[in-house]
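K.L.:
Enclosed is the structure file run_25.cif (mmCIF, C-alpha atoms and all ligand atoms).
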```cif
data_coords
loop_
_atom_site.label_atom_id
_atom_site.label_comp_id
_atom_site.auth_asym_id
_atom_site.auth_seq_id
_atom_site.Cartn_x
_atom_site.Cartn_y
_atom_site.Cartn_z
CA MET P 1 20.61 -6.46 -16.70
CA THR P 2 19.61 -2.94 -15.65
CA GLN P 3 15.87 -2.69 -15.28
CA ARG P 4 14.07 0.15 -17.00
CA ILE P 5 11.74 1.58 -14.36
CA GLY P 6 8.82 3.86 -15.23
CA ILE P 7 6.84 5.93 -12.71
CA ALA P 8 3.12 6.72 -12.91
CA GLY P 9 2.37 9.79 -10.80
CA ILE P 10 5.95 11.00 -11.11
CA ALA P 11 5.07 14.62 -10.25
CA GLY P 12 3.44 13.65 -6.94
CA ARG P 13 4.84 13.46 -3.40
CA MET P 14 5.78 9.80 -3.78
CA GLY P 15 6.63 10.03 -7.49
CA ARG P 16 9.41 12.57 -6.92
CA LEU P 17 11.00 10.49 -4.19
CA LEU P 18 10.70 7.35 -6.31
CA ALA P 19 12.57 9.08 -9.13
CA GLU P 20 15.39 9.92 -6.71
CA GLU P 21 15.51 6.39 -5.33
CA VAL P 22 15.53 4.77 -8.79
CA ARG P 23 18.58 6.85 -9.62
CA ALA P 24 20.20 6.08 -6.25
CA ALA P 25 19.67 2.36 -6.92
CA ALA P 26 21.59 2.72 -10.20
CA ALA P 27 18.57 1.45 -12.14
CA GLU P 28 17.47 3.14 -15.34
CA LEU P 29 14.67 5.67 -14.98
CA ALA P 30 12.67 5.19 -18.18
CA GLY P 31 10.51 8.26 -17.44
CA GLY P 32 7.02 8.88 -16.18
CA ILE P 33 3.50 10.14 -16.60
CA GLY P 34 1.46 12.64 -14.62
CA ARG P 35 -2.31 12.98 -14.44
CA PRO P 36 -3.72 13.49 -17.94
CA GLY P 37 -4.10 17.25 -18.48
CA SER P 38 -2.02 18.13 -15.41
CA ASP P 39 0.68 20.77 -15.86
CA LYS P 40 2.59 19.80 -12.70
CA PRO P 41 6.28 19.84 -13.61
CA LEU P 42 8.09 16.49 -13.73
CA PRO P 43 11.35 16.11 -11.80
CA ALA P 44 14.24 17.62 -13.80
CA GLY P 45 15.71 15.42 -16.48
CA THR P 46 12.87 12.87 -16.65
CA ALA P 47 11.23 11.82 -19.90
CA GLN P 48 7.49 12.40 -20.08
CA PHE P 49 5.31 9.84 -21.83
CA PRO P 50 1.87 10.66 -23.26
CA ASP P 51 0.03 7.86 -21.46
CA ILE P 52 0.34 4.63 -19.48
CA ALA P 53 0.49 2.48 -22.64
CA ALA P 54 3.51 4.41 -23.95
CA LEU P 55 5.21 4.25 -20.53
CA ALA P 56 4.50 0.50 -20.27
CA ALA P 57 6.06 -0.07 -23.70
CA ALA P 58 9.27 1.73 -22.64
CA ALA P 59 9.69 0.11 -19.21
CA ASP P 60 10.29 -3.34 -17.70
CA VAL P 61 8.34 -2.34 -14.60
CA VAL P 62 6.08 0.59 -13.66
CA LEU P 63 5.91 2.05 -10.17
CA ASP P 64 2.38 3.35 -9.68
CA PHE P 65 1.47 5.79 -6.89
CA THR P 66 -1.47 7.69 -8.36
CA LEU P 67 -5.24 7.61 -7.78
CA ALA P 68 -7.59 4.67 -7.28
CA ALA P 69 -9.45 5.71 -10.46
CA ALA P 70 -6.29 4.94 -12.45
CA ALA P 71 -5.99 1.35 -11.20
CA ARG P 72 -8.27 -0.29 -13.77
CA PRO P 73 -6.91 1.48 -16.89
CA HIS P 74 -3.37 0.88 -15.64
CA ALA P 75 -4.12 -2.81 -15.03
CA ALA P 76 -5.33 -3.19 -18.63
CA ALA P 77 -2.41 -1.28 -20.15
CA LEU P 78 0.31 -3.05 -18.16
CA ALA P 79 -1.18 -6.52 -18.66
CA GLY P 80 -1.51 -5.74 -22.38
CA ALA P 81 2.14 -4.70 -22.63
CA GLY P 82 3.45 -7.52 -20.42
CA THR P 83 5.12 -4.98 -18.11
CA ALA P 84 5.57 -5.71 -14.39
CA TRP P 85 3.65 -3.49 -11.96
CA VAL P 86 4.47 -2.21 -8.48
CA LEU P 87 1.23 -0.72 -7.19
CA GLY P 88 1.13 1.49 -4.10
CA THR P 89 -2.03 3.50 -4.68
CA SER P 90 -4.50 3.27 -1.79
CA GLY P 91 -8.29 3.52 -1.70
CA LEU P 92 -8.93 0.78 -4.29
CA SER P 93 -12.48 -0.61 -4.40
CA ALA P 94 -13.20 -4.35 -4.49
CA ALA P 95 -13.72 -4.04 -8.27
CA ASP P 96 -10.38 -2.23 -8.64
CA GLU P 97 -8.67 -4.99 -6.64
CA GLN P 98 -10.33 -7.59 -8.85
CA ALA P 99 -8.82 -5.83 -11.89
CA VAL P 100 -5.41 -5.98 -10.17
CA ALA P 101 -5.87 -9.70 -9.50
CA ASP P 102 -6.93 -10.25 -13.15
CA ALA P 103 -3.83 -8.40 -14.40
CA ALA P 104 -1.69 -10.54 -12.07
CA ARG P 105 -2.69 -13.61 -14.09
CA ARG P 106 -0.69 -12.14 -16.99
CA ILE P 107 2.06 -10.06 -15.35
CA PRO P 108 3.94 -10.06 -12.02
CA VAL P 109 2.42 -7.48 -9.65
CA VAL P 110 3.60 -6.33 -6.22
CA TYR P 111 0.67 -4.65 -4.48
CA ALA P 112 1.25 -3.31 -0.98
CA ALA P 113 -0.57 -0.83 1.20
CA ASN P 114 2.73 0.20 2.74
CA PHE P 115 6.13 -0.53 1.27
CA SER P 116 8.19 0.07 4.41
CA ALA P 117 10.09 -2.89 5.85
CA GLY P 118 8.71 -2.13 9.32
CA MET P 119 5.07 -2.28 8.25
CA THR P 120 5.69 -5.50 6.35
CA LEU P 121 6.84 -7.04 9.62
CA VAL P 122 3.89 -5.51 11.51
CA LEU P 123 1.52 -7.25 9.06
CA ALA P 124 3.19 -10.61 9.68
CA LEU P 125 3.03 -10.06 13.46
CA ALA P 126 -0.61 -8.90 13.28
CA ALA P 127 -1.60 -12.19 11.64
CA ARG P 128 0.22 -14.15 14.36
CA MET P 129 -1.35 -12.06 17.13
CA GLY P 130 -4.78 -12.51 15.56
CA ALA P 131 -4.25 -16.27 15.56
CA ALA P 132 -2.88 -16.39 19.12
CA LEU P 133 -5.27 -14.08 20.98
CA PRO P 134 -8.90 -15.30 21.24
CA ALA P 135 -11.26 -12.89 19.47
CA ASP P 136 -13.89 -13.03 22.21
CA ALA P 137 -11.40 -11.91 24.89
CA TYR P 138 -9.03 -9.57 22.98
CA ASP P 139 -10.77 -6.62 21.27
CA ALA P 140 -8.75 -5.59 18.21
CA GLU P 141 -8.66 -1.86 17.42
CA ILE P 142 -6.56 -0.08 14.80
CA VAL P 143 -5.80 3.63 15.13
CA GLU P 144 -4.08 5.49 12.32
CA MET P 145 -3.02 9.11 11.75
CA HIS P 146 -1.99 10.76 8.50
CA HIS P 147 -1.34 14.25 7.09
CA ARG P 148 -4.21 16.59 6.23
CA HIS P 149 -3.92 15.95 2.47
CA LYS P 150 -4.80 12.25 2.60
CA ILE P 151 -8.06 11.63 0.71
CA ASP P 152 -9.07 8.12 1.81
CA ALA P 153 -9.80 6.52 5.19
CA PRO P 154 -9.03 4.21 6.86
CA SER P 155 -5.57 4.08 5.33
CA GLY P 156 -4.60 1.20 3.08
CA ALA P 157 -2.09 0.04 5.70
CA ALA P 158 -4.75 0.11 8.45
CA ILE P 159 -6.99 -2.08 6.29
CA ALA P 160 -4.04 -4.38 5.59
CA ILE P 161 -3.42 -4.72 9.36
CA GLY P 162 -7.12 -5.49 9.83
CA ARG P 163 -6.99 -8.10 7.08
CA ALA P 164 -3.96 -9.70 8.70
CA VAL P 165 -5.71 -9.91 12.10
CA ALA P 166 -8.86 -11.27 10.42
CA GLN P 167 -6.82 -13.83 8.52
CA GLY P 168 -5.19 -14.93 11.78
CA ARG P 169 -8.68 -15.33 13.24
CA GLY P 170 -9.98 -17.19 10.21
CA VAL P 171 -12.66 -14.61 9.36
CA ALA P 172 -13.21 -12.13 6.51
CA LEU P 173 -12.48 -8.53 7.47
CA ASP P 174 -15.64 -7.27 5.72
CA GLU P 175 -17.76 -9.29 8.16
CA VAL P 176 -16.19 -7.88 11.34
CA MET P 177 -15.00 -4.38 10.39
CA GLU P 178 -16.32 -1.47 12.49
CA SER P 179 -15.06 1.82 11.11
CA GLY P 180 -15.66 5.44 12.13
CA ARG P 181 -18.01 4.93 15.08
CA HIS P 182 -20.33 7.85 15.78
CA GLY P 183 -23.50 8.40 17.78
CA HIS P 184 -25.48 5.67 19.51
CA THR P 185 -23.52 2.69 18.20
CA GLY P 186 -24.53 0.15 20.84
CA ALA P 187 -22.00 -2.01 22.65
CA ARG P 188 -18.97 -3.32 20.85
CA LYS P 189 -19.72 -6.53 18.92
CA PRO P 190 -17.66 -9.54 20.04
CA GLY P 191 -14.95 -10.28 17.49
CA ALA P 192 -15.21 -6.87 15.80
CA ILE P 193 -12.08 -5.24 14.39
CA GLY P 194 -12.38 -1.48 14.97
CA PHE P 195 -10.82 1.37 12.99
CA ALA P 196 -10.28 5.03 13.87
CA ALA P 197 -8.69 7.50 11.43
CA LEU P 198 -7.09 10.78 12.55
CA ARG P 199 -6.05 13.45 10.04
CA GLY P 200 -3.83 16.47 10.57
CA GLY P 201 -0.56 18.27 10.01
CA GLN P 202 2.23 16.56 8.15
CA VAL P 203 2.08 13.09 9.74
CA VAL P 204 3.57 10.70 7.18
CA GLY P 205 1.94 7.60 8.69
CA GLU P 206 1.26 6.20 12.16
CA HIS P 207 -0.53 2.94 12.90
CA THR P 208 -1.23 1.28 16.23
CA LEU P 209 -2.82 -2.14 16.58
CA ILE P 210 -4.31 -2.66 20.04
CA PHE P 211 -5.57 -5.90 21.55
CA ALA P 212 -7.58 -4.95 24.64
CA ALA P 213 -8.58 -7.69 27.09
CA ASP P 214 -10.02 -7.32 30.59
CA ALA P 215 -6.70 -7.68 32.35
CA GLU P 216 -4.12 -6.61 29.77
CA HIS P 217 -3.58 -4.57 26.63
CA ILE P 218 -1.03 -5.19 23.91
CA ALA P 219 -0.17 -2.41 21.46
CA LEU P 220 2.02 -2.57 18.38
CA THR P 221 2.93 0.82 16.90
CA HIS P 222 4.61 1.69 13.63
CA ARG P 223 5.61 5.28 12.80
CA VAL P 224 7.03 6.53 9.55
CA PHE P 225 8.96 9.79 9.74
CA ASP P 226 9.97 10.00 6.11
CA ARG P 227 8.13 8.88 2.95
CA ARG P 228 11.49 7.72 1.71
CA SER P 229 10.98 4.46 3.61
CA PHE P 230 8.10 3.71 1.18
CA ALA P 231 10.13 4.78 -1.85
CA VAL P 232 13.14 2.63 -0.90
CA GLY P 233 10.87 -0.41 -0.43
CA ALA P 234 8.98 0.20 -3.68
CA VAL P 235 12.18 0.47 -5.73
CA ARG P 236 13.43 -2.71 -4.08
CA ALA P 237 10.13 -4.36 -5.08
CA ALA P 238 10.56 -3.11 -8.67
CA GLN P 239 14.03 -4.63 -8.91
CA TRP P 240 12.78 -7.89 -7.38
CA VAL P 241 9.66 -8.32 -9.52
CA VAL P 242 11.14 -8.01 -13.03
CA GLY P 243 11.44 -11.45 -14.59
CA ARG P 244 9.20 -13.20 -12.01
CA PRO P 245 6.29 -15.37 -13.16
CA ALA P 246 2.89 -13.68 -13.37
CA GLY P 247 1.25 -13.46 -9.95
CA LEU P 248 0.18 -11.16 -7.14
CA TYR P 249 3.04 -10.65 -4.69
CA SER P 250 3.24 -8.85 -1.36
CA MET P 251 6.09 -6.95 0.26
CA ALA P 252 6.55 -9.98 2.51
CA ASP P 253 7.42 -11.96 -0.63
CA VAL P 254 9.89 -9.25 -1.70
CA LEU P 255 11.58 -9.21 1.72
CA GLY P 256 11.48 -13.00 2.00
CA ILE P 257 9.68 -13.04 5.36
CA GLY P 258 6.78 -15.24 4.23
CA ARG P 259 3.39 -14.08 3.13
CA ALA P 260 1.74 -11.73 5.59
CA GLY P 261 -1.56 -12.79 4.08
CA SER P 262 -2.79 -9.25 4.32
CA GLU P 263 -2.70 -8.22 0.71
CA PRO P 264 -5.70 -9.12 -1.42
CA ALA P 265 -5.28 -12.55 -2.96
P1 LIG P 301 0.04 12.95 -4.67
O1 LIG P 301 -1.32 13.51 -4.85
O2 LIG P 301 1.16 13.84 -4.19
O3 LIG P 301 0.55 12.28 -6.05
C1 LIG P 301 -0.26 11.54 -6.91
C2 LIG P 301 0.14 11.94 -8.32
O4 LIG P 301 -0.51 11.07 -9.23
C3 LIG P 301 -0.27 13.38 -8.66
O5 LIG P 301 0.85 14.08 -9.14
C4 LIG P 301 -1.34 13.18 -9.75
O6 LIG P 301 -1.28 14.23 -10.71
C5 LIG P 301 -0.92 11.85 -10.35
N1 LIG P 301 -1.99 11.14 -11.04
C6 LIG P 301 -3.32 11.08 -10.72
N2 LIG P 301 -3.99 10.34 -11.62
C7 LIG P 301 -3.08 9.91 -12.54
C8 LIG P 301 -3.14 9.10 -13.69
N3 LIG P 301 -4.31 8.60 -14.13
N4 LIG P 301 -1.99 8.87 -14.39
C9 LIG P 301 -0.83 9.36 -13.97
N5 LIG P 301 -0.69 10.15 -12.87
C10 LIG P 301 -1.81 10.42 -12.16
O7 LIG P 301 -0.13 11.69 -3.69
P2 LIG P 301 1.00 10.81 -2.95
O8 LIG P 301 1.14 11.25 -1.54
O9 LIG P 301 2.22 10.73 -3.83
O10 LIG P 301 0.27 9.39 -2.92
C11 LIG P 301 -0.18 8.74 -4.10
C12 LIG P 301 -0.89 7.46 -3.73
O11 LIG P 301 0.03 6.55 -3.11
C13 LIG P 301 -2.03 7.62 -2.72
O12 LIG P 301 -3.04 6.69 -3.02
C14 LIG P 301 -1.36 7.27 -1.39
O13 LIG P 301 -2.28 6.86 -0.42
C15 LIG P 301 -0.46 6.16 -1.83
N6 LIG P 301 0.69 5.89 -0.96
C16 LIG P 301 1.02 4.59 -0.79
C17 LIG P 301 2.13 4.26 -0.05
C18 LIG P 301 2.53 2.81 0.08
O14 LIG P 301 3.56 2.51 0.72
N7 LIG P 301 1.78 1.89 -0.52
C19 LIG P 301 2.91 5.26 0.54
C20 LIG P 301 2.55 6.59 0.33
C21 LIG P 301 1.44 6.89 -0.45
#
```
What is this file in C-alpha cells?
P.N.:
Amino acid sequence: MTQRIGIAGIAGRMGRLLAEEVRAAAAELAGGIGRPGSDKPLPAGTAQFPDIAALAAAADVVLDFTLAAAARPHAAALAGAGTAWVLGTSGLSAADEQAVADAARRIPVVYAANFSAGMTLVLALAARMGAALPADAYDAEIVEMHHRHKIDAPSGAAIAIGRAVAQGRGVALDEVMESGRHGHTGARKPGAIGFAALRGGQVVGEHTLIFAADAEHIALTHRVFDRRSFAVGAVRAAQWVVGRPAGLYSMADVLGIGRAGSEPA
C-alpha cells in the first residue's frame, strides 16, 4: 500500500526537502500546510490544506517540522484523526513533550531531535559511553554549532545527546545540566553535563560530545553537511510508522539499532 504522506511546515527549509524526498521515495504526497496566515509559496504541484485537521484527514502520516507552539494543537488533531505523526520540531517544552506522549497513547509517533542515521548512532554510543566512563572522573561536555537562523538553544540533538549520557549514568539530565555558562560560575560541579551553543553562517548541524578526564579526552563528532540527511531519515520514519501500534518511537527503533533511550519516554 502506498502511504499518503502530509507535511506540516511544507514551505519551510525542511518542508521543501521533505516534499522532494517523499516523491523520490515513490510515496504519495498528500499535500501540506504552512503557518496559518503565511503567504509563503508551497512547493510547485502540492495541495494546500486549510489546517492540520484537514491534512490529518487526508494523510496516513504527517511529517511535522514547524514551530514548538504548533506541537500541542498538532498532537490533538492527529490523535483525534488517528493519523501517524513524525515529529522533528525542536524547542518543545516539558508540557509540549507531555502532549506528544499523550498523543502517542492513541497514535504511533516517531519523535526525534535529529533524523540522520549518523546522529541516531551517536545517541546510542553516547548512552554506552555515559555508562562506561565514571561521571566523577570524565567531565561530559556537549558543543554544538548551527546556522544563524536557528531560534532555540541548545539544539534538540544536543539535548538528546545529553539525555543519552545521563541515561547511561542513571541520572536525570535536568538535575545535572549546565548550559550557557557566563560570569563567575564557580568550579565545575562533579557529574555535570555541560552545553555550549555556537551560532553562525550556514552550518547545518555540528555536535561534539567530549569526555574530559585528567589523563585523556575522548571526543565524538557528528557533522551534517546537507539537511537532506534529516529529510531522508524522516521519510524513512514515515514509511516505517504507518500501521504500527500506538506508541512513542525513536529513530533507533526505525533503524532497528535498539532504543537510544534519548528521546523522551
Ligand atoms: P523554517 O522556519 O524554514 O520552517 C518552518 C516552517 O513551518 C515555516 O515555513 C513556517 O511558516 C511553518 N509553520 C510554523 N508554524 C506552523 C503551523 N502552526 N502550522 C504549519 N506550519 C507552520 O525552519 P526549518 O529549518 O525547516 O526547521 C523547522 C523545525 O524543524 C525547527 O524546529 C528545527 O529545529 C527542526 N529541525 C529538526 C530536524 C530533525 O532532524 N529533527 C532537522 C532540521 C530542523
K.L.:
May I ask which of the residues P:Ala84, P:Ala196, P:Ala27, P:Met119 is the closest one to ligand LIG 301 (chain P), counting all atoms listed in the file?
P.N.:
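Among P:Ala84, P:Ala196, P:Ala27, P:Met119, it is P:Met119 that comes nearest to ligand LIG 301 (chain P).
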K.L.:
Using only C-alpha atoms and all ligand atoms for the distances, tell me which of P:Arg128, P:Arg163, P:His147, P:Arg35 is nearest to ligand LIG 301 (chain P).
P.N.:
P:Arg35
K.L.:
One decimal, Å: what's the distance from atom CA of Thr66 of chain P over to atom C6 of ligand LIG 301 (chain P), could you say?
P.N.:
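So the two atoms, atom CA of Thr66 of chain P and atom C6 of ligand LIG 301 (chain P), lie 4.5 Å apart.
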K.L.:
Residues up to 7 Å from ligand LIG 301 (chain P), counting only C-alpha atoms and all ligand atoms: could you list those as a count of residues only?
P.N.:
32
K.L.:
Extract, using all atoms listed in the file, all DNA, RNA and protein residues at most 8 Å from segment 46-59 of chain P, discarding same-chain residues fewer than 4 positions from it, and format them as a list of chain:residue names.
P.N.:
P:Gln3, P:Arg4, P:Ile5, P:Gly6, P:Ala8, P:Leu29, P:Ala30, P:Gly31, P:Gly32, P:Ile33, P:Pro36, P:Leu42, P:His74, P:Ala77, P:Leu78, P:Ala81, P:Thr83
K.L.:
Quick one: pull the distance between atom CA of Ala126 of chain P and atom CA of Ser155 of chain P, Å, one decimal.
P.N.:
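Answer for the atom CA of Ala126 of chain P to atom CA of Ser155 of chain P separation: 16.0 Å.
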